[in-house]
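*Asks:* Below is the file final-v5.tsv, which contains TSV, N, CA and C atoms.
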```
chain	number	residue	atom	x	y	z
K	1	MET	N	-10.79	-22.20	-108.00
K	1	MET	CA	-10.56	-23.50	-107.41
K	1	MET	C	-11.15	-23.56	-106.00
K	2	ARG	N	-10.92	-22.49	-105.21
K	2	ARG	CA	-11.46	-22.46	-103.84
K	2	ARG	C	-12.99	-22.44	-103.86
K	3	LYS	N	-13.55	-21.78	-104.88
K	3	LYS	CA	-15.01	-21.72	-104.99
K	3	LYS	C	-15.59	-23.12	-105.22
K	4	LYS	N	-14.93	-23.93	-106.05
K	4	LYS	CA	-15.37	-25.30	-106.32
K	4	LYS	C	-15.29	-26.15	-105.06
K	5	ILE	N	-14.24	-25.99	-104.28
K	5	ILE	CA	-14.09	-26.74	-103.03
K	5	ILE	C	-15.17	-26.34	-102.05
K	6	GLY	N	-15.46	-25.04	-101.98
K	6	GLY	CA	-16.52	-24.55	-101.09
K	6	GLY	C	-17.89	-25.08	-101.47
K	7	ILE	N	-18.18	-25.09	-102.76
K	7	ILE	CA	-19.47	-25.62	-103.24
K	7	ILE	C	-19.56	-27.12	-102.95
K	8	SER	N	-18.48	-27.85	-103.21
K	8	SER	CA	-18.46	-29.29	-102.94
K	8	SER	C	-18.68	-29.57	-101.45
K	9	ALA	N	-18.05	-28.80	-100.59
K	9	ALA	CA	-18.22	-28.97	-99.15
K	9	ALA	C	-19.66	-28.68	-98.73
K	10	ALA	N	-20.26	-27.67	-99.31
K	10	ALA	CA	-21.65	-27.32	-98.99
K	10	ALA	C	-22.60	-28.43	-99.43
K	11	VAL	N	-22.39	-28.95	-100.63
K	11	VAL	CA	-23.23	-30.04	-101.13
K	11	VAL	C	-23.09	-31.27	-100.25
K	12	LEU	N	-21.88	-31.60	-99.85
K	12	LEU	CA	-21.63	-32.74	-98.96
K	12	LEU	C	-22.32	-32.54	-97.61
K	13	ALA	N	-22.27	-31.34	-97.07
K	13	ALA	CA	-22.92	-31.05	-95.80
K	13	ALA	C	-24.44	-31.21	-95.90
K	14	VAL	N	-25.02	-30.73	-97.00
K	14	VAL	CA	-26.47	-30.87	-97.20
K	14	VAL	C	-26.85	-32.34	-97.31
K	15	CYS	N	-26.07	-33.12	-98.04
K	15	CYS	CA	-26.34	-34.56	-98.17
K	15	CYS	C	-26.27	-35.25	-96.81
K	16	ALA	N	-25.30	-34.89	-96.02
K	16	ALA	CA	-25.16	-35.47	-94.67
K	16	ALA	C	-26.37	-35.13	-93.81
K	17	LEU	N	-26.84	-33.89	-93.88
K	17	LEU	CA	-28.02	-33.48	-93.11
K	17	LEU	C	-29.27	-34.23	-93.56
K	18	ILE	N	-29.42	-34.44	-94.85
K	18	ILE	CA	-30.57	-35.19	-95.37
K	18	ILE	C	-30.53	-36.62	-94.85
K	19	PHE	N	-29.35	-37.24	-94.89
K	19	PHE	CA	-29.21	-38.61	-94.42
K	19	PHE	C	-29.53	-38.71	-92.93
K	20	VAL	N	-29.01	-37.81	-92.12
K	20	VAL	CA	-29.29	-37.82	-90.68
K	20	VAL	C	-30.78	-37.59	-90.44
K	21	GLY	N	-31.39	-36.70	-91.20
K	21	GLY	CA	-32.83	-36.47	-91.07
K	21	GLY	C	-33.64	-37.71	-91.39
K	22	TYR	N	-33.24	-38.42	-92.42
K	22	TYR	CA	-33.92	-39.67	-92.78
K	22	TYR	C	-33.83	-40.67	-91.63
K	23	LEU	N	-32.63	-40.88	-91.12
K	23	LEU	CA	-32.45	-41.84	-90.03
K	23	LEU	C	-33.22	-41.44	-88.79
K	24	THR	N	-33.31	-40.16	-88.53
K	24	THR	CA	-33.97	-39.68	-87.32
K	24	THR	C	-35.49	-39.71	-87.43
K	25	PHE	N	-36.03	-39.29	-88.57
K	25	PHE	CA	-37.47	-39.08	-88.67
K	25	PHE	C	-38.22	-40.06	-89.56
K	26	LEU	N	-37.58	-40.61	-90.58
K	26	LEU	CA	-38.32	-41.39	-91.57
K	26	LEU	C	-38.01	-42.88	-91.56
K	27	ALA	N	-36.83	-43.29	-91.12
K	27	ALA	CA	-36.46	-44.70	-91.14
K	27	ALA	C	-37.39	-45.49	-90.23
K	28	PRO	N	-37.73	-46.73	-90.61
K	28	PRO	CA	-38.60	-47.55	-89.77
K	28	PRO	C	-37.98	-47.76	-88.39
K	29	LYS	N	-38.83	-47.72	-87.37
K	29	LYS	CA	-38.37	-47.89	-85.99
K	29	LYS	C	-38.78	-49.26	-85.47
K	30	ALA	N	-37.91	-49.88	-84.70
K	30	ALA	CA	-38.19	-51.19	-84.13
K	30	ALA	C	-39.08	-51.05	-82.90
K	31	GLN	N	-39.96	-52.04	-82.71
K	31	GLN	CA	-40.82	-52.10	-81.53
K	31	GLN	C	-40.18	-53.01	-80.51
K	32	GLY	N	-40.24	-52.63	-79.27
K	32	GLY	CA	-39.75	-53.51	-78.21
K	32	GLY	C	-40.83	-54.49	-77.78
K	33	GLY	N	-40.43	-55.50	-77.01
K	33	GLY	CA	-41.39	-56.44	-76.45
K	33	GLY	C	-41.73	-57.61	-77.35
K	34	GLN	N	-42.61	-58.43	-76.84
K	34	GLN	CA	-43.04	-59.66	-77.51
K	34	GLN	C	-43.91	-59.34	-78.72
K	35	LYS	N	-43.66	-60.05	-79.82
K	35	LYS	CA	-44.44	-59.89	-81.05
K	35	LYS	C	-44.80	-61.26	-81.60
K	36	SER	N	-45.94	-61.33	-82.24
K	36	SER	CA	-46.35	-62.54	-82.95
K	36	SER	C	-46.35	-62.21	-84.43
K	37	VAL	N	-45.53	-62.93	-85.20
K	37	VAL	CA	-45.41	-62.65	-86.64
K	37	VAL	C	-45.46	-63.96	-87.42
K	38	LYS	N	-45.76	-63.83	-88.71
K	38	LYS	CA	-45.72	-64.98	-89.61
K	38	LYS	C	-44.64	-64.75	-90.65
K	39	ILE	N	-43.91	-65.81	-90.96
K	39	ILE	CA	-42.95	-65.81	-92.06
K	39	ILE	C	-43.47	-66.80	-93.10
K	40	GLU	N	-43.69	-66.30	-94.31
K	40	GLU	CA	-44.12	-67.16	-95.41
K	40	GLU	C	-42.95	-67.31	-96.38
K	41	VAL	N	-42.74	-68.52	-96.86
K	41	VAL	CA	-41.70	-68.77	-97.85
K	41	VAL	C	-42.38	-69.41	-99.06
K	42	VAL	N	-42.23	-68.76	-100.21
K	42	VAL	CA	-42.85	-69.24	-101.45
K	42	VAL	C	-41.75	-69.44	-102.48
K	43	ILE	N	-41.63	-70.69	-102.95
K	43	ILE	CA	-40.66	-71.03	-103.98
K	43	ILE	C	-41.43	-71.78	-105.07
K	44	PRO	N	-41.99	-71.05	-106.04
K	44	PRO	CA	-42.86	-71.65	-107.05
K	44	PRO	C	-42.24	-72.81	-107.81
K	45	SER	N	-40.97	-72.70	-108.17
K	45	SER	CA	-40.31	-73.74	-108.97
K	45	SER	C	-40.21	-75.07	-108.24
K	46	LYS	N	-40.31	-75.05	-106.92
K	46	LYS	CA	-40.24	-76.28	-106.11
K	46	LYS	C	-41.58	-76.60	-105.46
K	47	SER	N	-42.64	-75.88	-105.85
K	47	SER	CA	-43.98	-76.04	-105.26
K	47	SER	C	-43.95	-75.91	-103.73
K	48	ILE	N	-43.15	-74.97	-103.25
K	48	ILE	CA	-43.05	-74.73	-101.81
K	48	ILE	C	-43.85	-73.48	-101.47
K	49	ASP	N	-44.74	-73.61	-100.50
K	49	ASP	CA	-45.52	-72.49	-99.97
K	49	ASP	C	-45.78	-72.81	-98.50
K	50	ARG	N	-44.89	-72.35	-97.64
K	50	ARG	CA	-44.97	-72.69	-96.22
K	50	ARG	C	-45.08	-71.44	-95.38
K	51	THR	N	-45.83	-71.56	-94.29
K	51	THR	CA	-46.01	-70.46	-93.34
K	51	THR	C	-45.55	-70.91	-91.97
K	52	PHE	N	-44.80	-70.05	-91.31
K	52	PHE	CA	-44.28	-70.31	-89.97
K	52	PHE	C	-44.77	-69.20	-89.05
K	53	GLN	N	-45.25	-69.56	-87.87
K	53	GLN	CA	-45.72	-68.60	-86.87
K	53	GLN	C	-44.67	-68.51	-85.76
K	54	TYR	N	-44.28	-67.29	-85.39
K	54	TYR	CA	-43.28	-67.11	-84.34
K	54	TYR	C	-43.73	-66.07	-83.34
K	55	LYS	N	-43.40	-66.32	-82.08
K	55	LYS	CA	-43.50	-65.33	-81.02
K	55	LYS	C	-42.06	-64.98	-80.67
K	56	THR	N	-41.74	-63.70	-80.72
K	56	THR	CA	-40.35	-63.29	-80.55
K	56	THR	C	-40.25	-61.93	-79.89
K	57	ASP	N	-39.12	-61.69	-79.28
K	57	ASP	CA	-38.84	-60.34	-78.76
K	57	ASP	C	-37.73	-59.67	-79.58
K	58	LYS	N	-37.37	-60.28	-80.70
K	58	LYS	CA	-36.37	-59.70	-81.60
K	58	LYS	C	-36.93	-58.43	-82.22
K	59	SER	N	-36.04	-57.53	-82.63
K	59	SER	CA	-36.47	-56.24	-83.17
K	59	SER	C	-36.54	-56.21	-84.69
K	60	TYR	N	-35.64	-56.95	-85.36
K	60	TYR	CA	-35.55	-56.86	-86.81
K	60	TYR	C	-35.71	-58.24	-87.47
K	61	VAL	N	-36.16	-58.25	-88.71
K	61	VAL	CA	-36.40	-59.49	-89.45
K	61	VAL	C	-35.13	-60.33	-89.52
K	62	SER	N	-33.98	-59.73	-89.77
K	62	SER	CA	-32.73	-60.49	-89.88
K	62	SER	C	-32.42	-61.24	-88.58
K	63	GLU	N	-32.74	-60.63	-87.44
K	63	GLU	CA	-32.49	-61.30	-86.15
K	63	GLU	C	-33.37	-62.53	-85.99
K	64	LEU	N	-34.63	-62.42	-86.37
K	64	LEU	CA	-35.53	-63.57	-86.30
K	64	LEU	C	-35.08	-64.67	-87.25
K	65	LEU	N	-34.74	-64.30	-88.49
K	65	LEU	CA	-34.29	-65.30	-89.46
K	65	LEU	C	-33.04	-66.02	-88.96
K	66	ASN	N	-32.15	-65.30	-88.33
K	66	ASN	CA	-30.94	-65.89	-87.79
K	66	ASN	C	-31.26	-66.86	-86.65
K	67	ASP	N	-32.18	-66.47	-85.77
K	67	ASP	CA	-32.58	-67.33	-84.65
K	67	ASP	C	-33.30	-68.59	-85.10
K	68	GLU	N	-34.04	-68.50	-86.19
K	68	GLU	CA	-34.86	-69.62	-86.66
K	68	GLU	C	-34.25	-70.32	-87.87
K	69	LYS	N	-32.91	-70.34	-87.95
K	69	LYS	CA	-32.23	-71.00	-89.08
K	69	LYS	C	-32.60	-72.47	-89.19
K	70	GLY	N	-32.87	-73.11	-88.07
K	70	GLY	CA	-33.24	-74.53	-88.09
K	70	GLY	C	-34.50	-74.78	-88.88
K	71	ASP	N	-35.53	-73.96	-88.65
K	71	ASP	CA	-36.81	-74.10	-89.37
K	71	ASP	C	-36.70	-73.60	-90.80
K	72	LEU	N	-36.18	-72.40	-90.95
K	72	LEU	CA	-36.22	-71.70	-92.22
K	72	LEU	C	-35.04	-71.99	-93.15
K	73	GLN	N	-33.98	-72.55	-92.58
K	73	GLN	CA	-32.75	-72.84	-93.34
K	73	GLN	C	-32.31	-71.61	-94.15
K	74	THR	N	-32.33	-70.47	-93.47
K	74	THR	CA	-32.01	-69.20	-94.12
K	74	THR	C	-30.52	-69.05	-94.35
K	75	GLU	N	-30.17	-68.63	-95.55
K	75	GLU	CA	-28.80	-68.27	-95.87
K	75	GLU	C	-28.79	-66.78	-96.19
K	76	MET	N	-27.95	-66.04	-95.45
K	76	MET	CA	-27.84	-64.60	-95.67
K	76	MET	C	-26.41	-64.25	-96.04
K	77	GLU	N	-26.27	-63.26	-96.90
K	77	GLU	CA	-24.96	-62.77	-97.28
K	77	GLU	C	-24.91	-61.27	-97.05
K	78	ASP	N	-23.71	-60.78	-96.75
K	78	ASP	CA	-23.52	-59.35	-96.56
K	78	ASP	C	-23.25	-58.68	-97.90
K	79	SER	N	-23.79	-57.49	-98.06
K	79	SER	CA	-23.50	-56.68	-99.23
K	79	SER	C	-23.27	-55.25	-98.76
K	80	GLN	N	-22.96	-54.37	-99.69
K	80	GLN	CA	-22.74	-52.98	-99.32
K	80	GLN	C	-24.01	-52.33	-98.81
K	81	TYR	N	-25.17	-52.95	-99.05
K	81	TYR	CA	-26.45	-52.41	-98.62
K	81	TYR	C	-26.99	-53.10	-97.37
K	82	GLY	N	-26.25	-54.04	-96.81
K	82	GLY	CA	-26.71	-54.81	-95.66
K	82	GLY	C	-26.88	-56.27	-96.04
K	83	LYS	N	-27.55	-57.02	-95.19
K	83	LYS	CA	-27.75	-58.45	-95.45
K	83	LYS	C	-28.84	-58.65	-96.50
K	84	PHE	N	-28.64	-59.69	-97.32
K	84	PHE	CA	-29.70	-60.08	-98.23
K	84	PHE	C	-29.84	-61.60	-98.16
K	85	ILE	N	-31.02	-62.07	-98.51
K	85	ILE	CA	-31.34	-63.50	-98.43
K	85	ILE	C	-30.86	-64.17	-99.71
K	86	SER	N	-30.02	-65.19	-99.53
K	86	SER	CA	-29.53	-65.93	-100.70
K	86	SER	C	-30.12	-67.33	-100.78
K	87	GLY	N	-30.76	-67.79	-99.69
K	87	GLY	CA	-31.37	-69.11	-99.71
K	87	GLY	C	-32.35	-69.29	-98.56
K	88	MET	N	-33.36	-70.12	-98.80
K	88	MET	CA	-34.33	-70.48	-97.76
K	88	MET	C	-34.83	-71.89	-98.03
K	89	LEU	N	-35.13	-72.60	-96.95
K	89	LEU	CA	-35.66	-73.96	-97.02
K	89	LEU	C	-34.83	-74.86	-97.92
K	90	GLY	N	-33.53	-74.66	-97.90
K	90	GLY	CA	-32.62	-75.49	-98.66
K	90	GLY	C	-32.51	-75.14	-100.13
K	91	VAL	N	-33.17	-74.07	-100.56
K	91	VAL	CA	-33.12	-73.65	-101.96
K	91	VAL	C	-32.31	-72.36	-102.03
K	92	LYS	N	-31.24	-72.40	-102.82
K	92	LYS	CA	-30.37	-71.23	-102.98
K	92	LYS	C	-30.72	-70.51	-104.28
K	93	ALA	N	-30.86	-69.19	-104.19
K	93	ALA	CA	-31.17	-68.39	-105.38
K	93	ALA	C	-29.94	-68.29	-106.27
K	94	ASP	N	-30.16	-68.38	-107.58
K	94	ASP	CA	-29.10	-68.14	-108.55
K	94	ASP	C	-29.06	-66.64	-108.79
K	95	PRO	N	-28.03	-65.93	-108.27
K	95	PRO	CA	-28.04	-64.46	-108.34
K	95	PRO	C	-28.08	-63.89	-109.76
K	96	ALA	N	-27.75	-64.68	-110.75
K	96	ALA	CA	-27.81	-64.21	-112.14
K	96	ALA	C	-29.25	-64.23	-112.67
K	97	LYS	N	-30.14	-65.00	-112.01
K	97	LYS	CA	-31.48	-65.18	-112.55
K	97	LYS	C	-32.63	-64.89	-111.57
K	98	GLU	N	-32.34	-64.89	-110.25
K	98	GLU	CA	-33.45	-64.80	-109.31
K	98	GLU	C	-33.01	-64.21	-107.97
K	99	TYR	N	-33.99	-63.85	-107.16
K	99	TYR	CA	-33.74	-63.29	-105.84
K	99	TYR	C	-34.96	-63.56	-104.96
K	100	PHE	N	-34.79	-63.42	-103.65
K	100	PHE	CA	-35.91	-63.55	-102.73
K	100	PHE	C	-36.52	-62.17	-102.51
K	101	ASN	N	-37.72	-61.99	-103.07
K	101	ASN	CA	-38.47	-60.75	-102.89
K	101	ASN	C	-39.12	-60.78	-101.50
K	102	LEU	N	-39.11	-59.66	-100.81
K	102	LEU	CA	-39.69	-59.57	-99.47
K	102	LEU	C	-40.87	-58.61	-99.48
K	103	LYS	N	-42.01	-59.11	-99.00
K	103	LYS	CA	-43.20	-58.27	-98.85
K	103	LYS	C	-43.65	-58.31	-97.40
K	104	VAL	N	-44.23	-57.20	-96.95
K	104	VAL	CA	-44.82	-57.11	-95.62
K	104	VAL	C	-46.31	-56.87	-95.81
K	105	ASP	N	-47.10	-57.83	-95.37
K	105	ASP	CA	-48.56	-57.76	-95.56
K	105	ASP	C	-48.92	-57.47	-97.02
K	106	GLY	N	-48.20	-58.09	-97.95
K	106	GLY	CA	-48.52	-57.98	-99.37
K	106	GLY	C	-47.90	-56.79	-100.10
K	107	THR	N	-47.17	-55.94	-99.37
K	107	THR	CA	-46.55	-54.76	-99.99
K	107	THR	C	-45.04	-54.93	-99.97
K	108	ASP	N	-44.38	-54.61	-101.10
K	108	ASP	CA	-42.93	-54.73	-101.16
K	108	ASP	C	-42.27	-53.95	-100.03
K	109	ALA	N	-41.28	-54.59	-99.39
K	109	ALA	CA	-40.52	-53.93	-98.33
K	109	ALA	C	-39.68	-52.81	-98.94
K	110	THR	N	-39.52	-51.73	-98.21
K	110	THR	CA	-38.76	-50.58	-98.71
K	110	THR	C	-37.33	-50.59	-98.19
K	111	VAL	N	-37.01	-51.50	-97.28
K	111	VAL	CA	-35.66	-51.65	-96.75
K	111	VAL	C	-35.34	-53.14	-96.69
K	112	GLY	N	-34.08	-53.47	-96.47
K	112	GLY	CA	-33.67	-54.86	-96.38
K	112	GLY	C	-33.95	-55.47	-95.01
K	113	VAL	N	-33.66	-56.76	-94.88
K	113	VAL	CA	-33.97	-57.48	-93.64
K	113	VAL	C	-33.24	-56.95	-92.43
K	114	SER	N	-32.08	-56.34	-92.62
K	114	SER	CA	-31.32	-55.80	-91.49
K	114	SER	C	-31.97	-54.55	-90.91
K	115	GLN	N	-32.69	-53.80	-91.72
K	115	GLN	CA	-33.31	-52.56	-91.27
K	115	GLN	C	-34.83	-52.66	-91.12
K	116	LEU	N	-35.39	-53.82	-91.47
K	116	LEU	CA	-36.85	-53.97	-91.42
K	116	LEU	C	-37.29	-54.42	-90.04
K	117	PRO	N	-37.99	-53.54	-89.30
K	117	PRO	CA	-38.42	-53.91	-87.96
K	117	PRO	C	-39.55	-54.94	-87.98
K	118	LEU	N	-39.53	-55.81	-87.01
K	118	LEU	CA	-40.64	-56.75	-86.81
K	118	LEU	C	-41.77	-56.00	-86.14
K	119	GLU	N	-42.99	-56.21	-86.64
K	119	GLU	CA	-44.17	-55.58	-86.05
K	119	GLU	C	-45.19	-56.65	-85.74
K	120	ASN	N	-45.80	-56.53	-84.59
K	120	ASN	CA	-46.78	-57.51	-84.14
K	120	ASN	C	-47.91	-57.68	-85.16
K	121	GLY	N	-48.22	-58.94	-85.47
K	121	GLY	CA	-49.33	-59.26	-86.36
K	121	GLY	C	-49.02	-59.20	-87.85
K	122	LYS	N	-47.82	-58.81	-88.21
K	122	LYS	CA	-47.47	-58.68	-89.63
K	122	LYS	C	-47.09	-60.03	-90.24
K	123	ILE	N	-47.24	-60.11	-91.57
K	123	ILE	CA	-46.84	-61.30	-92.33
K	123	ILE	C	-45.69	-60.88	-93.27
K	124	TYR	N	-44.56	-61.55	-93.13
K	124	TYR	CA	-43.37	-61.28	-93.94
K	124	TYR	C	-43.23	-62.42	-94.94
K	125	THR	N	-43.38	-62.10	-96.22
K	125	THR	CA	-43.38	-63.13	-97.27
K	125	THR	C	-42.12	-63.02	-98.12
K	126	PHE	N	-41.41	-64.14	-98.21
K	126	PHE	CA	-40.22	-64.24	-99.05
K	126	PHE	C	-40.58	-65.12	-100.24
K	127	THR	N	-40.49	-64.55	-101.43
K	127	THR	CA	-40.83	-65.30	-102.65
K	127	THR	C	-39.64	-65.33	-103.57
K	128	LEU	N	-39.22	-66.52	-103.98
K	128	LEU	CA	-38.13	-66.65	-104.94
K	128	LEU	C	-38.67	-66.17	-106.29
K	129	THR	N	-38.06	-65.08	-106.81
K	129	THR	CA	-38.61	-64.37	-107.96
K	129	THR	C	-37.55	-64.27	-109.05
K	130	SER	N	-37.96	-64.44	-110.30
K	130	SER	CA	-37.05	-64.29	-111.44
K	130	SER	C	-36.76	-62.83	-111.68
K	131	LEU	N	-35.54	-62.56	-112.14
K	131	LEU	CA	-35.16	-61.18	-112.48
K	131	LEU	C	-35.88	-60.72	-113.74
```
Take the structure I supplied and represent it as structure tokens, if you would.

*Replies:*
Amino acid sequence: MRKKIGISAAVLAVCALIFVGYLTFLAPKAQGGQKSVKIEVVIPSKSIDRTFQYKTDKSYVSELLNDEKGDLQTEMEDSQYGKFISGMLGVKADPAKEYFNLKVDGTDATVGVSQLPLENGKIYTFTLTSL
């Protein structure tokens, strides 16, 4: 019994070290200072394809989306994984059928909007996508 507890504790410690290592060395880092970025919103079912240009000193995509709610009409919800986009430009995603896919310069984002740093010159595209 003690051997099982010891092994479980060792496995937990290794997992904790891997997580700390990820946060320290591999997780995307935010840039300070002024940035110029584009936010594209594509909603094919409503023939919406709009691009917004922003100059901001915000660090993360979620902060910019929150600041620009007037333009983007962004609706965000909290989940166990962080914030996710539930609506944009007055269109709410039906969670049973669709979601807002996020790409950075044409490549799928590897983290959510809360952890995705804003980078100067990048294009962040939100596309309402069927499951």

*Asks:* Quick one, how far is atom N of Ile43 in chain K from atom N of Thr127 in chain K?

*Replies:*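 These atoms are spaced 6.4 Å apart.
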
*Asks:* My list of candidates is K:Lys83, K:Lys92, K:Lys55, K:Lys97. Which is closest to Val37 in chain K when distances are computed with all atoms listed in the file?

*Replies:*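 For Val37 in chain K, the nearest of the candidates is K:Lys55.
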
*Asks:* Which one is closest to Ser114 in chain K: K:Ser47, K:Gln73, K:Gly82, K:Gly33? Count only N, CA and C atoms.

*Replies:*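 Looking at the shortest contact to Ser114 in chain K, the residue is K:Gly82.
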
*Asks:* Give me, as a count of residues only, all polymer residues having an atom no more than 8 Å from Asn120 in chain K, counting only N, CA and C atoms and skipping those fewer than 2 positions away in the same chain.

*Replies:* 10

*Asks:* Which residues, written as a PyMOL selection string, have at least one atom at most 7 Å from Phe100 in chain K, with only N, CA and C atoms counted and residues fewer than 2 positions away on the same chain left out?

*Replies:* chain K and resi 85-86+93+98+102+126-129

*Asks:* Would you save the residues of that selection, restricted to N, CA and C atoms, as an mmCIF file, in the coordinates of the input?

*Replies:*
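And here's again-v4.cif as it stands now:
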```cif
data_model
loop_
_atom_site.group_PDB
_atom_site.id
_atom_site.type_symbol
_atom_site.label_atom_id
_atom_site.label_comp_id
_atom_site.auth_asym_id
_atom_site.auth_seq_id
_atom_site.Cartn_x
_atom_site.Cartn_y
_atom_site.Cartn_z
ATOM 1 N N ILE K 85 -31.020 -62.070 -98.510
ATOM 2 C CA ILE K 85 -31.340 -63.500 -98.430
ATOM 3 C C ILE K 85 -30.860 -64.170 -99.710
ATOM 4 N N SER K 86 -30.020 -65.190 -99.530
ATOM 5 C CA SER K 86 -29.530 -65.930 -100.700
ATOM 6 C C SER K 86 -30.120 -67.330 -100.780
ATOM 7 N N ALA K 93 -30.860 -69.190 -104.190
ATOM 8 C CA ALA K 93 -31.170 -68.390 -105.380
ATOM 9 C C ALA K 93 -29.940 -68.290 -106.270
ATOM 10 N N GLU K 98 -32.340 -64.890 -110.250
ATOM 11 C CA GLU K 98 -33.450 -64.800 -109.310
ATOM 12 C C GLU K 98 -33.010 -64.210 -107.970
ATOM 13 N N LEU K 102 -39.110 -59.660 -100.810
ATOM 14 C CA LEU K 102 -39.690 -59.570 -99.470
ATOM 15 C C LEU K 102 -40.870 -58.610 -99.480
ATOM 16 N N PHE K 126 -41.410 -64.140 -98.210
ATOM 17 C CA PHE K 126 -40.220 -64.240 -99.050
ATOM 18 C C PHE K 126 -40.580 -65.120 -100.240
ATOM 19 N N THR K 127 -40.490 -64.550 -101.430
ATOM 20 C CA THR K 127 -40.830 -65.300 -102.650
ATOM 21 C C THR K 127 -39.640 -65.330 -103.570
ATOM 22 N N LEU K 128 -39.220 -66.520 -103.980
ATOM 23 C CA LEU K 128 -38.130 -66.650 -104.940
ATOM 24 C C LEU K 128 -38.670 -66.170 -106.290
ATOM 25 N N THR K 129 -38.060 -65.080 -106.810
ATOM 26 C CA THR K 129 -38.610 -64.370 -107.960
ATOM 27 C C THR K 129 -37.550 -64.270 -109.050
#
```

*Asks:* Could you check the closest approach to Leu131 in chain K for each of K:Glu68, K:Glu77, K:Asp105, K:Pro95 and tell me which residue wins, using all atoms listed in the file?

*Replies:* K:Pro95

*Asks:* If I take atom N of Ser45 in chain K and CA of Val91 in chain K, how far is one from the other in Å, to one decimal?

*Replies:*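 Atom-to-atom, atom N of Ser45 in chain K to CA of Val91 in chain K, that is 10.1 Å.
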
*Asks:* Given only C-alpha atoms as the basis, pick out the residue of K:Thr56, K:Tyr99, K:Tyr81, K:Met88 nearest to Lys69 in chain K.

*Replies:*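 Looking only at the distances to Lys69 in chain K, the closest residue turns out to be K:Met88.
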
*Asks:* Work out how far apart CA of Val42 in chain K and CA of Ser59 in chain K are and give it in Å to one decimal.

*Replies:*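 That distance, rounded to one decimal, is 23.3 Å.
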
*Asks:* Give the answer as one residue: which of K:Leu65, K:Phe84, K:Asp57, K:Ile39 has the shortest atom-to-atom distance to Gly112 in chain K, using only N, CA and C atoms?

*Replies:*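 Using only N, CA and C atoms, Gly112 in chain K sits closest to K:Phe84.
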
*Asks:* Would you mind writing down, as a PyMOL selection string, each residue of range 67-127 of chain K that DSSP on the backbone assigns to strand (DSSP E or B)?

*Replies:* chain K and resi 75-79+82-88+91-92+98-104+107-108+117+123-127

*Asks:* Could you please write out, as a PyMOL selection string, every residue of range 39-111 of chain K that DSSP assigns to alpha helix (DSSP H)?

*Replies:* chain K and resi 61-67+69-72

*Asks:* Can you write out the residues you just picked, keeping N, CA and C atoms, as a CSV table (one decimal), in the frame of the given file?

*Replies:*
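Output below, filename part24.csv:
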```
chain,number,residue,atom,x,y,z
K,61,VAL,N,-36.2,-58.2,-88.7
K,61,VAL,CA,-36.4,-59.5,-89.4
K,61,VAL,C,-35.1,-60.3,-89.5
K,62,SER,N,-34.0,-59.7,-89.8
K,62,SER,CA,-32.7,-60.5,-89.9
K,62,SER,C,-32.4,-61.2,-88.6
K,63,GLU,N,-32.7,-60.6,-87.4
K,63,GLU,CA,-32.5,-61.3,-86.2
K,63,GLU,C,-33.4,-62.5,-86.0
K,64,LEU,N,-34.6,-62.4,-86.4
K,64,LEU,CA,-35.5,-63.6,-86.3
K,64,LEU,C,-35.1,-64.7,-87.2
K,65,LEU,N,-34.7,-64.3,-88.5
K,65,LEU,CA,-34.3,-65.3,-89.5
K,65,LEU,C,-33.0,-66.0,-89.0
K,66,ASN,N,-32.2,-65.3,-88.3
K,66,ASN,CA,-30.9,-65.9,-87.8
K,66,ASN,C,-31.3,-66.9,-86.6
K,67,ASP,N,-32.2,-66.5,-85.8
K,67,ASP,CA,-32.6,-67.3,-84.6
K,67,ASP,C,-33.3,-68.6,-85.1
K,69,LYS,N,-32.9,-70.3,-88.0
K,69,LYS,CA,-32.2,-71.0,-89.1
K,69,LYS,C,-32.6,-72.5,-89.2
K,70,GLY,N,-32.9,-73.1,-88.1
K,70,GLY,CA,-33.2,-74.5,-88.1
K,70,GLY,C,-34.5,-74.8,-88.9
K,71,ASP,N,-35.5,-74.0,-88.6
K,71,ASP,CA,-36.8,-74.1,-89.4
K,71,ASP,C,-36.7,-73.6,-90.8
K,72,LEU,N,-36.2,-72.4,-91.0
K,72,LEU,CA,-36.2,-71.7,-92.2
K,72,LEU,C,-35.0,-72.0,-93.2
```

*Asks:* List the spatial neighbours of Leu89 in chain K as an mmCIF file with N, CA and C atoms, in the coordinates of the input - criterion: any atom at most 8 Å away, all atoms listed in the file, same-chain residues fewer than 6 positions off excluded.

*Replies:*
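Resulting contents of part11.cif:
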```cif
data_model
loop_
_atom_site.group_PDB
_atom_site.id
_atom_site.type_symbol
_atom_site.label_atom_id
_atom_site.label_comp_id
_atom_site.auth_asym_id
_atom_site.auth_seq_id
_atom_site.Cartn_x
_atom_site.Cartn_y
_atom_site.Cartn_z
ATOM 1 N N VAL K 41 -42.740 -68.520 -96.860
ATOM 2 C CA VAL K 41 -41.700 -68.770 -97.850
ATOM 3 C C VAL K 41 -42.380 -69.410 -99.060
ATOM 4 N N ASP K 71 -35.530 -73.960 -88.650
ATOM 5 C CA ASP K 71 -36.810 -74.100 -89.370
ATOM 6 C C ASP K 71 -36.700 -73.600 -90.800
ATOM 7 N N LEU K 72 -36.180 -72.400 -90.950
ATOM 8 C CA LEU K 72 -36.220 -71.700 -92.220
ATOM 9 C C LEU K 72 -35.040 -71.990 -93.150
ATOM 10 N N GLN K 73 -33.980 -72.550 -92.580
ATOM 11 C CA GLN K 73 -32.750 -72.840 -93.340
ATOM 12 C C GLN K 73 -32.310 -71.610 -94.150
ATOM 13 N N THR K 74 -32.330 -70.470 -93.470
ATOM 14 C CA THR K 74 -32.010 -69.200 -94.120
ATOM 15 C C THR K 74 -30.520 -69.050 -94.350
ATOM 16 N N GLU K 75 -30.170 -68.630 -95.550
ATOM 17 C CA GLU K 75 -28.800 -68.270 -95.870
ATOM 18 C C GLU K 75 -28.790 -66.780 -96.190
#
```
